[in-house]
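Here is entry-v2.cif, consisting of mmCIF, C-alpha atoms:
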data_target
loop_
_atom_site.group_PDB
_atom_site.id
_atom_site.type_symbol
_atom_site.label_atom_id
_atom_site.label_comp_id
_atom_site.auth_asym_id
_atom_site.auth_seq_id
_atom_site.Cartn_x
_atom_site.Cartn_y
_atom_site.Cartn_z
ATOM 1 C CA MET F 80 39.498 29.747 -12.495
ATOM 2 C CA LYS F 81 42.150 30.741 -15.024
ATOM 3 C CA LYS F 82 42.749 34.255 -16.261
ATOM 4 C CA ALA F 83 45.179 35.718 -18.767
ATOM 5 C CA LEU F 84 46.414 39.110 -19.892
ATOM 6 C CA ILE F 85 47.566 38.845 -23.514
ATOM 7 C CA VAL F 86 49.540 41.835 -24.811
ATOM 8 C CA GLY F 87 50.834 42.459 -28.329
ATOM 9 C CA LEU F 88 52.213 45.938 -29.068
ATOM 10 C CA ASN F 89 53.206 47.088 -32.567
ATOM 11 C CA LYS F 90 52.713 50.837 -32.698
ATOM 12 C CA TYR F 91 55.977 52.122 -31.258
ATOM 13 C CA PRO F 92 56.780 55.611 -32.620
ATOM 14 C CA GLY F 93 59.884 55.428 -34.763
ATOM 15 C CA CYS F 94 60.453 51.698 -34.150
ATOM 16 C CA ALA F 95 57.214 49.917 -35.043
ATOM 17 C CA LEU F 96 57.022 46.139 -35.007
ATOM 18 C CA ASP F 97 55.136 44.057 -37.554
ATOM 19 C CA TRP F 98 53.531 40.987 -36.015
ATOM 20 C CA CYS F 99 53.093 41.445 -32.250
ATOM 21 C CA ASP F 100 49.356 42.026 -32.574
ATOM 22 C CA ASN F 101 49.163 38.798 -34.622
ATOM 23 C CA ASP F 102 51.006 37.048 -31.798
ATOM 24 C CA ALA F 103 48.467 38.259 -29.238
ATOM 25 C CA VAL F 104 45.432 37.382 -31.366
ATOM 26 C CA ALA F 105 46.715 33.853 -31.988
ATOM 27 C CA MET F 106 47.615 33.266 -28.343
ATOM 28 C CA LYS F 107 44.201 34.507 -27.181
ATOM 29 C CA SER F 108 42.419 32.275 -29.679
ATOM 30 C CA LEU F 109 44.268 29.198 -28.450
ATOM 31 C CA ILE F 110 44.242 29.579 -24.687
ATOM 32 C CA GLU F 111 40.670 30.781 -24.241
ATOM 33 C CA SER F 112 39.458 27.255 -25.016
ATOM 34 C CA ASN F 113 40.728 23.693 -24.804
ATOM 35 C CA GLY F 114 41.030 21.337 -27.732
ATOM 36 C CA ASP F 115 37.451 20.125 -27.312
ATOM 37 C CA GLY F 116 36.078 23.668 -27.280
ATOM 38 C CA SER F 117 35.493 23.793 -23.522
ATOM 39 C CA PRO F 118 36.304 27.132 -21.821
ATOM 40 C CA ASN F 119 39.837 27.544 -20.527
ATOM 41 C CA PHE F 120 41.253 31.014 -19.737
ATOM 42 C CA GLU F 121 39.244 34.209 -19.361
ATOM 43 C CA VAL F 122 41.359 36.532 -21.499
ATOM 44 C CA VAL F 123 41.851 40.304 -21.447
ATOM 45 C CA PRO F 124 43.647 41.330 -24.665
ATOM 46 C CA ILE F 125 45.674 44.472 -25.303
ATOM 47 C CA THR F 126 46.885 44.974 -28.872
ATOM 48 C CA GLY F 127 48.440 47.697 -30.985
ATOM 49 C CA SER F 128 49.342 50.319 -28.383
ATOM 50 C CA CYS F 129 49.270 50.761 -24.609
ATOM 51 C CA SER F 130 50.548 53.291 -22.093
ATOM 52 C CA LYS F 131 52.810 52.437 -19.177
ATOM 53 C CA ASP F 132 50.113 53.182 -16.596
ATOM 54 C CA ALA F 133 47.489 51.121 -18.437
ATOM 55 C CA LEU F 134 49.792 48.108 -18.771
ATOM 56 C CA PHE F 135 50.945 48.251 -15.155
ATOM 57 C CA ASN F 136 47.357 48.511 -13.876
ATOM 58 C CA ALA F 137 46.271 45.598 -16.078
ATOM 59 C CA ILE F 138 49.142 43.447 -14.777
ATOM 60 C CA LYS F 139 48.315 44.458 -11.208
ATOM 61 C CA LYS F 140 44.703 43.376 -11.729
ATOM 62 C CA LEU F 141 45.812 40.100 -13.326
ATOM 63 C CA PHE F 142 47.778 39.045 -10.268
ATOM 64 C CA SER F 143 45.080 40.079 -7.780
ATOM 65 C CA ASP F 144 42.566 37.594 -6.329
ATOM 66 C CA ASP F 145 43.354 33.880 -6.091
ATOM 67 C CA ALA F 146 42.951 32.323 -9.541
ATOM 68 C CA ASP F 147 44.279 28.833 -10.223
ATOM 69 C CA ILE F 148 46.469 30.290 -12.984
ATOM 70 C CA ALA F 149 47.263 33.920 -13.787
ATOM 71 C CA LEU F 150 49.046 34.115 -17.163
ATOM 72 C CA LEU F 151 50.823 37.173 -18.530
ATOM 73 C CA TYR F 152 51.890 37.026 -22.181
ATOM 74 C CA PHE F 153 53.750 39.982 -23.706
ATOM 75 C CA SER F 154 54.942 40.474 -27.281
ATOM 76 C CA GLY F 155 56.645 43.770 -28.057
ATOM 77 C CA HIS F 156 59.837 45.691 -27.446
ATOM 78 C CA GLY F 157 61.970 44.958 -24.394
ATOM 79 C CA ALA F 158 64.841 46.974 -22.952
ATOM 80 C CA ASP F 159 67.836 45.806 -20.917
ATOM 81 C CA ALA F 160 68.337 48.989 -18.875
ATOM 82 C CA ASP F 161 67.961 48.980 -15.082
ATOM 83 C CA GLY F 162 66.956 45.323 -14.717
ATOM 84 C CA GLY F 163 64.819 45.204 -17.848
ATOM 85 C CA TYR F 164 61.578 46.756 -19.105
ATOM 86 C CA LEU F 165 58.511 45.740 -21.061
ATOM 87 C CA CYS F 166 58.401 48.768 -23.330
ATOM 88 C CA THR F 167 55.072 50.498 -23.843
ATOM 89 C CA THR F 168 54.168 52.592 -26.863
ATOM 90 C CA ASP F 169 54.398 55.858 -24.885
ATOM 91 C CA PHE F 170 58.038 55.185 -24.009
ATOM 92 C CA THR F 171 60.639 57.912 -23.713
ATOM 93 C CA ASP F 172 64.383 57.752 -23.119
ATOM 94 C CA LYS F 173 63.759 58.297 -19.403
ATOM 95 C CA ASN F 174 60.550 56.274 -19.078
ATOM 96 C CA LEU F 175 60.779 53.053 -21.084
ATOM 97 C CA GLY F 176 57.725 51.244 -19.758
ATOM 98 C CA VAL F 177 56.965 48.754 -16.989
ATOM 99 C CA LYS F 178 59.953 47.470 -15.038
ATOM 100 C CA MET F 179 60.381 43.702 -14.984
ATOM 101 C CA THR F 180 61.252 43.802 -11.285
ATOM 102 C CA ASP F 181 57.917 45.512 -10.552
ATOM 103 C CA ILE F 182 56.052 42.828 -12.492
ATOM 104 C CA LEU F 183 57.895 40.080 -10.684
ATOM 105 C CA GLN F 184 57.105 41.637 -7.333
ATOM 106 C CA LEU F 185 53.387 41.648 -8.216
ATOM 107 C CA ALA F 186 53.623 37.977 -9.203
ATOM 108 C CA ASN F 187 55.599 37.028 -6.108
ATOM 109 C CA ASN F 188 53.011 38.681 -3.842
ATOM 110 C CA SER F 189 50.022 37.230 -5.693
ATOM 111 C CA ARG F 190 47.686 34.719 -4.043
ATOM 112 C CA CYS F 191 47.134 32.983 -7.387
ATOM 113 C CA LYS F 192 48.312 29.377 -7.277
ATOM 114 C CA ASN F 193 50.310 29.432 -10.535
ATOM 115 C CA LYS F 194 51.725 32.658 -11.930
ATOM 116 C CA VAL F 195 53.030 32.194 -15.481
ATOM 117 C CA ILE F 196 54.884 34.958 -17.334
ATOM 118 C CA ILE F 197 55.668 34.408 -21.027
ATOM 119 C CA LEU F 198 57.725 37.103 -22.737
ATOM 120 C CA ASP F 199 58.454 37.419 -26.457
ATOM 121 C CA CYS F 200 60.656 40.486 -26.397
ATOM 122 C CA CYS F 201 64.321 41.374 -26.548
ATOM 123 C CA PHE F 202 66.324 40.767 -23.367
ATOM 124 C CA SER F 203 63.332 38.913 -21.900
ATOM 125 C CA ALA F 204 65.462 36.734 -19.599
ATOM 126 C CA LYS F 205 66.190 39.881 -17.580
ATOM 127 C CA MET F 206 62.966 38.951 -15.797
ATOM 128 C CA GLY F 207 64.034 37.287 -12.546
ATOM 129 C CA GLU F 208 67.751 37.805 -13.172
ATOM 130 C CA SER F 209 68.517 39.800 -10.008
ATOM 131 C CA ILE F 210 69.739 37.871 -6.988
ATOM 132 C CA LEU F 211 67.379 39.571 -4.532
ATOM 133 C CA VAL F 212 64.143 41.499 -4.848
ATOM 134 C CA ASN F 213 63.334 43.359 -1.616
ATOM 135 C CA ASN F 214 65.282 40.730 0.341
ATOM 136 C CA ASN F 215 63.143 37.924 -1.085
ATOM 137 C CA SER F 216 64.223 35.142 -3.433
ATOM 138 C CA VAL F 217 63.823 36.114 -7.084
ATOM 139 C CA LEU F 218 60.940 33.754 -7.869
ATOM 140 C CA GLY F 219 58.141 33.488 -5.365
ATOM 141 C CA GLU F 220 56.314 30.217 -4.847
ATOM 142 C CA GLY F 221 54.245 29.276 -7.858
ATOM 143 C CA VAL F 222 55.998 31.647 -10.300
ATOM 144 C CA THR F 223 57.180 30.475 -13.735
ATOM 145 C CA ILE F 224 58.904 32.538 -16.424
ATOM 146 C CA ILE F 225 59.331 31.485 -20.052
ATOM 147 C CA ALA F 226 61.467 33.989 -21.936
ATOM 148 C CA ALA F 227 62.071 34.137 -25.682
ATOM 149 C CA SER F 228 65.769 34.929 -25.436
ATOM 150 C CA GLN F 229 68.733 35.306 -23.131
ATOM 151 C CA SER F 230 69.199 38.534 -21.198
ATOM 152 C CA TRP F 231 71.680 39.799 -23.804
ATOM 153 C CA GLN F 232 69.807 38.629 -26.911
ATOM 154 C CA THR F 233 67.214 40.135 -29.206
ATOM 155 C CA SER F 234 64.058 38.273 -30.234
ATOM 156 C CA ALA F 235 63.289 37.838 -33.920
ATOM 157 C CA GLU F 236 60.097 38.164 -35.949
ATOM 158 C CA SER F 237 59.326 35.965 -38.948
ATOM 159 C CA ASP F 238 57.810 37.693 -41.988
ATOM 160 C CA GLU F 239 57.051 34.282 -43.471
ATOM 161 C CA LYS F 240 55.008 33.135 -40.465
ATOM 162 C CA GLN F 241 53.821 36.674 -39.559
ATOM 163 C CA HIS F 242 54.620 35.955 -35.916
ATOM 164 C CA GLY F 243 57.565 36.239 -33.594
ATOM 165 C CA VAL F 244 59.840 33.220 -34.032
ATOM 166 C CA PHE F 245 59.324 32.277 -30.387
ATOM 167 C CA THR F 246 55.562 32.794 -30.448
ATOM 168 C CA GLU F 247 55.177 30.751 -33.623
ATOM 169 C CA LEU F 248 56.647 27.828 -31.703
ATOM 170 C CA LEU F 249 54.405 28.548 -28.707
ATOM 171 C CA ILE F 250 51.427 28.386 -31.057
ATOM 172 C CA GLN F 251 52.489 25.019 -32.460
ATOM 173 C CA GLY F 252 53.112 23.734 -28.940
ATOM 174 C CA LEU F 253 49.690 24.866 -27.708
ATOM 175 C CA LYS F 254 48.016 23.267 -30.720
ATOM 176 C CA GLY F 255 49.357 19.915 -29.533
ATOM 177 C CA GLY F 256 53.075 19.705 -30.187
ATOM 178 C CA ALA F 257 53.816 20.144 -26.480
ATOM 179 C CA ALA F 258 51.061 17.834 -25.206
ATOM 180 C CA ASP F 259 51.806 14.746 -23.174
ATOM 181 C CA ILE F 260 50.126 11.399 -23.857
ATOM 182 C CA GLY F 261 47.105 12.489 -21.822
ATOM 183 C CA GLY F 262 46.722 15.720 -23.818
ATOM 184 C CA SER F 263 47.939 18.146 -21.118
ATOM 185 C CA ILE F 264 50.182 21.074 -22.051
ATOM 186 C CA THR F 265 52.098 22.525 -19.093
ATOM 187 C CA PRO F 266 54.585 25.411 -18.927
ATOM 188 C CA ALA F 267 57.422 22.872 -18.669
ATOM 189 C CA SER F 268 56.313 20.849 -21.701
ATOM 190 C CA LEU F 269 55.723 24.051 -23.683
ATOM 191 C CA TYR F 270 59.225 25.314 -22.919
ATOM 192 C CA SER F 271 60.738 21.937 -23.773
ATOM 193 C CA PHE F 272 58.966 21.947 -27.150
ATOM 194 C CA VAL F 273 60.222 25.453 -27.957
ATOM 195 C CA ASP F 274 63.741 24.736 -26.720
ATOM 196 C CA GLN F 275 64.088 21.616 -28.864
ATOM 197 C CA SER F 276 62.712 23.434 -31.922
ATOM 198 C CA LEU F 277 65.258 26.267 -31.882
ATOM 199 C CA GLY F 278 68.737 25.619 -33.227
ATOM 200 C CA ALA F 279 72.032 26.307 -31.478
ATOM 201 C CA TRP F 280 72.629 29.425 -33.603
ATOM 202 C CA GLN F 281 69.208 30.938 -32.940
ATOM 203 C CA GLN F 282 67.914 32.907 -29.957
ATOM 204 C CA ARG F 283 67.850 30.653 -26.917
ATOM 205 C CA PRO F 284 64.740 30.540 -24.722
ATOM 206 C CA VAL F 285 64.955 30.585 -20.925
ATOM 207 C CA PHE F 286 62.869 28.757 -18.328
ATOM 208 C CA LYS F 287 62.742 29.733 -14.652
ATOM 209 C CA THR F 288 60.344 28.298 -12.105
ATOM 210 C CA ASN F 289 59.657 27.853 -8.421
ATOM 211 C CA ILE F 290 56.763 25.442 -8.350
ATOM 212 C CA SER F 291 56.024 21.948 -7.086
ATOM 213 C CA GLN F 292 53.185 21.046 -9.460
ATOM 214 C CA PHE F 293 52.183 22.539 -12.803
ATOM 215 C CA LEU F 294 48.572 23.022 -13.799
ATOM 216 C CA PRO F 295 47.915 22.588 -17.536
ATOM 217 C CA LEU F 296 47.799 25.714 -19.685
ATOM 218 C CA ARG F 297 45.660 23.877 -22.241
ATOM 219 C CA ILE F 298 44.243 20.387 -22.733
ATOM 220 C CA ILE F 299 43.738 18.756 -26.118
ATOM 221 C CA SER F 300 42.432 15.339 -27.087
ATOM 222 C CA ALA F 301 44.535 12.649 -25.467
ATOM 223 C CA LYS F 302 46.853 10.720 -27.745
ATOM 224 C CA VAL F 303 45.769 7.654 -25.804
ATOM 225 C CA PRO F 304 42.430 7.825 -23.923
ATOM 226 C CA LYS F 305 42.802 7.135 -20.201
ATOM 227 C CA SER F 306 40.378 4.209 -20.468
ATOM 228 C CA ILE F 307 42.852 2.498 -22.805
ATOM 229 C CA LEU F 308 45.969 3.699 -20.998
ATOM 230 C CA ARG F 309 44.752 1.956 -17.839
ATOM 231 C CA LYS F 310 44.950 -1.360 -19.688
ATOM 232 C CA LEU F 311 48.760 -1.262 -19.686
ATOM 233 C CA SER F 312 48.845 -2.989 -16.314
ATOM 234 C CA VAL F 313 46.180 -5.433 -17.498
ATOM 235 C CA TYR F 314 48.025 -6.564 -20.611
ATOM 236 C CA PHE F 315 51.399 -6.565 -18.837
ATOM 237 C CA LYS F 316 50.956 -8.139 -15.392
ATOM 238 C CA ASN F 317 54.614 -7.451 -14.611
ATOM 239 C CA PRO F 318 56.728 -4.643 -16.082
ATOM 240 C CA THR F 319 59.266 -7.058 -17.593
ATOM 241 C CA ASP F 320 56.637 -9.302 -19.218
ATOM 242 C CA GLU F 321 56.424 -9.748 -22.965
ATOM 243 C CA PHE F 322 52.955 -9.922 -24.479
ATOM 244 C CA LYS F 323 52.865 -12.971 -26.744
ATOM 245 C CA LEU F 324 51.313 -12.397 -30.156
ATOM 246 C CA ASP F 325 50.189 -14.542 -33.045
ATOM 247 C CA SER F 326 48.357 -14.010 -36.315
ATOM 248 C CA SER F 327 44.952 -14.010 -34.622
ATOM 249 C CA TYR F 328 45.717 -10.483 -33.400
ATOM 250 C CA GLU F 329 46.023 -9.036 -36.917
ATOM 251 C CA TYR F 330 42.595 -7.990 -38.255
ATOM 252 C CA THR F 331 43.585 -8.331 -41.926
ATOM 253 C CA ASN F 332 44.338 -12.014 -41.351
ATOM 254 C CA ALA F 333 40.721 -12.968 -42.024
ATOM 255 C CA LEU F 334 39.085 -15.140 -44.661
ATOM 256 C CA GLU F 335 36.955 -12.279 -45.989
ATOM 257 C CA VAL F 336 40.074 -10.200 -46.749
ATOM 258 C CA GLU F 337 41.550 -10.990 -50.164
ATOM 259 C CA HIS F 338 45.135 -11.919 -49.395
ATOM 260 C CA GLN F 339 47.000 -14.930 -48.087
ATOM 261 C CA VAL F 340 45.884 -15.758 -44.564
ATOM 262 C CA VAL F 341 47.353 -18.091 -42.010
ATOM 263 C CA GLU F 342 46.024 -19.842 -38.954
ATOM 264 C CA PRO F 343 45.025 -18.870 -36.361
ATOM 265 C CA TYR F 344 42.715 -16.463 -38.188
ATOM 266 C CA ALA F 345 41.807 -13.019 -36.905
ATOM 267 C CA ASP F 346 39.952 -13.191 -33.608
ATOM 268 C CA SER F 347 37.796 -10.163 -32.731
ATOM 269 C CA ALA F 348 38.859 -10.127 -29.062
ATOM 270 C CA HIS F 349 42.531 -10.400 -29.998
ATOM 271 C CA VAL F 350 42.131 -7.746 -32.701
ATOM 272 C CA ALA F 351 40.711 -5.293 -30.130
ATOM 273 C CA ILE F 352 43.681 -5.900 -27.827
ATOM 274 C CA PHE F 353 46.126 -5.551 -30.712
ATOM 275 C CA LYS F 354 44.660 -2.177 -31.680
ATOM 276 C CA ASP F 355 45.361 -0.963 -28.144
ATOM 277 C CA LEU F 356 48.903 -2.331 -28.310
ATOM 278 C CA GLN F 357 49.463 -0.668 -31.679
ATOM 279 C CA LEU F 358 48.210 2.607 -30.225
ATOM 280 C CA PHE F 359 50.663 2.213 -27.345
ATOM 281 C CA GLU F 360 53.407 1.534 -29.871
ATOM 282 C CA SER F 361 52.533 4.688 -31.834
ATOM 283 C CA VAL F 362 53.280 6.889 -28.807
ATOM 284 C CA GLY F 363 56.366 5.019 -27.661
ATOM 285 C CA LEU F 364 54.946 2.958 -24.803
ATOM 286 C CA VAL F 365 55.331 -0.479 -26.412
ATOM 287 C CA GLU F 366 57.756 -1.925 -28.945
ATOM 288 C CA PRO F 367 57.790 -5.181 -30.922
ATOM 289 C CA VAL F 368 60.330 -7.840 -29.978
ATOM 290 C CA GLY F 369 62.593 -9.258 -32.674
ATOM 291 C CA THR F 370 61.117 -7.250 -35.554
ATOM 292 C CA GLU F 371 60.545 -3.648 -36.595
ATOM 293 C CA HIS F 372 56.749 -3.581 -36.861
ATOM 294 C CA MET F 373 53.845 -4.774 -34.756
ATOM 295 C CA TYR F 374 52.248 -6.365 -37.845
ATOM 296 C CA PHE F 375 55.170 -8.745 -38.264
ATOM 297 C CA ALA F 376 55.341 -9.360 -34.529
ATOM 298 C CA ALA F 377 51.806 -10.750 -34.807
ATOM 299 C CA MET F 378 52.140 -12.580 -38.123
ATOM 300 C CA GLU F 379 55.452 -14.180 -37.078
ATOM 301 C CA ASN F 380 54.237 -15.241 -33.599
ATOM 302 C CA LYS F 381 56.593 -12.893 -31.775
ATOM 303 C CA ALA F 382 55.815 -10.501 -28.891
ATOM 304 C CA CYS F 383 55.866 -6.899 -27.717
ATOM 305 C CA LYS F 384 57.158 -5.309 -24.529
ATOM 306 C CA LEU F 385 57.090 -2.060 -22.578
ATOM 307 C CA THR F 386 59.545 0.714 -23.398
ATOM 308 C CA ALA F 387 61.147 2.850 -20.702
ATOM 309 C CA LEU F 388 58.344 5.386 -21.166
ATOM 310 C CA GLY F 389 55.826 2.561 -21.168
ATOM 311 C CA LEU F 390 57.199 1.369 -17.846
ATOM 312 C CA HIS F 391 56.532 4.819 -16.371
ATOM 313 C CA TYR F 392 52.908 4.771 -17.502
ATOM 314 C CA TRP F 393 52.582 1.115 -16.443
ATOM 315 C CA ARG F 394 53.405 2.182 -12.895
ATOM 316 C CA LEU F 395 50.879 4.994 -13.067
ATOM 317 C CA SER F 396 48.285 2.541 -14.344
ATOM 318 C CA LYS F 397 49.145 -0.019 -11.673
ATOM 319 C CA ASP F 398 48.874 2.607 -8.946
ATOM 320 C CA ARG F 399 45.610 3.972 -10.392
ATOM 321 C CA ARG F 400 47.121 7.454 -10.814
ATOM 322 C CA PHE F 401 44.835 8.328 -13.714
#
Please lay out the structure from this file as structure tokens.
Amino acid sequence: MKKALIVGLNKYPGCALDWCDNDAVAMKSLIESNGDGSPNFEVVPITGSCSKDALFNAIKKLFSDDADIALLYFSGHGADADGGYLCTTDFTDKNLGVKMTDILQLANNSRCKNKVIILDCCFSAKMGESILVNNNSVLGEGVTIIAASQSWQTSAESDEKQHGVFTELLIQGLKGGAADIGGSITPASLYSFVDQSLGAWQQRPVFKTNISQFLPLRIISAKVPKSILRKLSVYFKNPTDEFKLDSSYEYTNALEVEHQVVEPYADSAHVAIFKDLQLFESVGLVEPVGTEHMYFAAMENKACKLTALGLHYWRLSKDRRF
């Protein structure tokens, strides 16, 4: 069971934001289903405006029970006073909203297996910044925080994209940019995608975690199906082997195709293997030897070999880990 509270607040009196509700709508649309349309998170959305009490009670309910993943996403104003706040639209100078330390305490005490907090607000890295919270370590077991900016930085909106800059990258990551070869998108891969996409002069995201194993936030179609990925250890008996190729592996090298062909002509069994090898090459698992392209490796009777990443997946295949 996965559940999520998705919050996007715009309607702050005197300091309204433009695109936080868009952020929440887009995030809800993505995480409530996987890439194949299968159900993913059960989502409770809050958009536009929200009081402090309503937000705190919703967060408290999110982290109750024992879900596999409890995800809190917040887009809105943040404040750096007194350890940090998620500002609600009923804020006052003396009552800014929900304290980040209170949220973290709820997450730390939660029985949920993975507690993921994603914040697109100013000063968002204040979450988890204190050394001690009630004499406990800052991050409880299973807690992960992805923050849009450092504890002293603001978080920008993009009028062009009509989203927060950080959330726009989250959206692209959840659509597939942050997926691994098997199609899984985890908090770590999502942060890595965002971090690499932001320049040195832009707001810098922050990642904090205390977890031994991530569960995927979303799954899309695998770049390489597992049934094909398992063949790595079939084609390469040893990790240092080179797979010898010749022109029979190239499907265009056939008599019925109008171009110059050479012997040996395309062989259907070899062509099927070569398509797998080309797929491996497209995701960085295999590389041609002595030439730049797999086509020439076949036509010139060369070979291909595992890359460093390919060696990792070869071991997983050999050990039947997927």
Test item: the PyMOL selection byres ((chain F and resi 324) around 12) resolved as a ChimeraX atom specification: /F:314,321-323,325-329,343,345-346,349-350,352-353,356-357,367-369,373-384
Go ahead and compute the interatomic distance for CA of Ala83 in chain F and CA of Phe120 in chain F, in Å to one decimal. 6.2 Å
For Asp100 in chain F, which residue out of F:Glu366, F:Glu220, F:Asp199, F:Asp172 is the nearest one, using all atoms listed in the file?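 Answer, going by the shortest atom-to-atom distance: F:Asp199.
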Enter the distance from CA of Ser276 in chain F to CA of Ser154 in chain F, in Å, rounded to one decimal.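 The value is 19.3 Å.
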Identify all residues satisfying the PyMOL selection byres ((chain F and resi 105) around 12) in the given file; provide them as a PDB file with C-alpha atoms, in the frame of the given file.
ATOM      1  CA  ILE F  85      47.566  38.845 -23.514  1.00  0.00           C
ATOM      2  CA  VAL F  86      49.540  41.835 -24.811  1.00  0.00           C
ATOM      3  CA  GLY F  87      50.834  42.459 -28.329  1.00  0.00           C
ATOM      4  CA  TRP F  98      53.531  40.987 -36.015  1.00  0.00           C
ATOM      5  CA  CYS F  99      53.093  41.445 -32.250  1.00  0.00           C
ATOM      6  CA  ASP F 100      49.356  42.026 -32.574  1.00  0.00           C
ATOM      7  CA  ASN F 101      49.163  38.798 -34.622  1.00  0.00           C
ATOM      8  CA  ASP F 102      51.006  37.048 -31.798  1.00  0.00           C
ATOM      9  CA  ALA F 103      48.467  38.259 -29.238  1.00  0.00           C
ATOM     10  CA  VAL F 104      45.432  37.382 -31.366  1.00  0.00           C
ATOM     11  CA  MET F 106      47.615  33.266 -28.343  1.00  0.00           C
ATOM     12  CA  LYS F 107      44.201  34.507 -27.181  1.00  0.00           C
ATOM     13  CA  SER F 108      42.419  32.275 -29.679  1.00  0.00           C
ATOM     14  CA  LEU F 109      44.268  29.198 -28.450  1.00  0.00           C
ATOM     15  CA  ILE F 110      44.242  29.579 -24.687  1.00  0.00           C
ATOM     16  CA  GLU F 111      40.670  30.781 -24.241  1.00  0.00           C
ATOM     17  CA  PRO F 124      43.647  41.330 -24.665  1.00  0.00           C
ATOM     18  CA  THR F 126      46.885  44.974 -28.872  1.00  0.00           C
ATOM     19  CA  TYR F 152      51.890  37.026 -22.181  1.00  0.00           C
ATOM     20  CA  SER F 154      54.942  40.474 -27.281  1.00  0.00           C
ATOM     21  CA  LYS F 240      55.008  33.135 -40.465  1.00  0.00           C
ATOM     22  CA  GLN F 241      53.821  36.674 -39.559  1.00  0.00           C
ATOM     23  CA  HIS F 242      54.620  35.955 -35.916  1.00  0.00           C
ATOM     24  CA  GLY F 243      57.565  36.239 -33.594  1.00  0.00           C
ATOM     25  CA  THR F 246      55.562  32.794 -30.448  1.00  0.00           C
ATOM     26  CA  GLU F 247      55.177  30.751 -33.623  1.00  0.00           C
ATOM     27  CA  LEU F 248      56.647  27.828 -31.703  1.00  0.00           C
ATOM     28  CA  LEU F 249      54.405  28.548 -28.707  1.00  0.00           C
ATOM     29  CA  ILE F 250      51.427  28.386 -31.057  1.00  0.00           C
ATOM     30  CA  GLN F 251      52.489  25.019 -32.460  1.00  0.00           C
ATOM     31  CA  LEU F 253      49.690  24.866 -27.708  1.00  0.00           C
ATOM     32  CA  LYS F 254      48.016  23.267 -30.720  1.00  0.00           C
TER      33      LYS F 254
END
Result set, the PyMOL selection byres ((chain F and resi 284-295) around 7) on current file, as an MDAnalysis selection string: chainID F and resid 204 218:229 263:265 270 274 282:283 296:298
From the list F:Ser347, F:Ala158, F:Thr168, F:Lys139, which residue is nearest Cys94 in chain F when using all atoms listed in the file?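 The answer is F:Thr168, which sits nearest to Cys94 in chain F.
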Could you please determine the separation between CA of Cys201 in chain F and CA of Thr180 in chain F in Å, to one decimal place?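 For CA of Cys201 in chain F relative to CA of Thr180 in chain F, the distance reads 15.8 Å.
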Which is closer to Met179 in chain F than all the others in F:Cys166, F:Met206, F:Asn193, F:Asp115, using only C-alpha atoms?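 Nearest candidate to Met179 in chain F out of F:Cys166, F:Met206, F:Asn193, F:Asp115: F:Met206.
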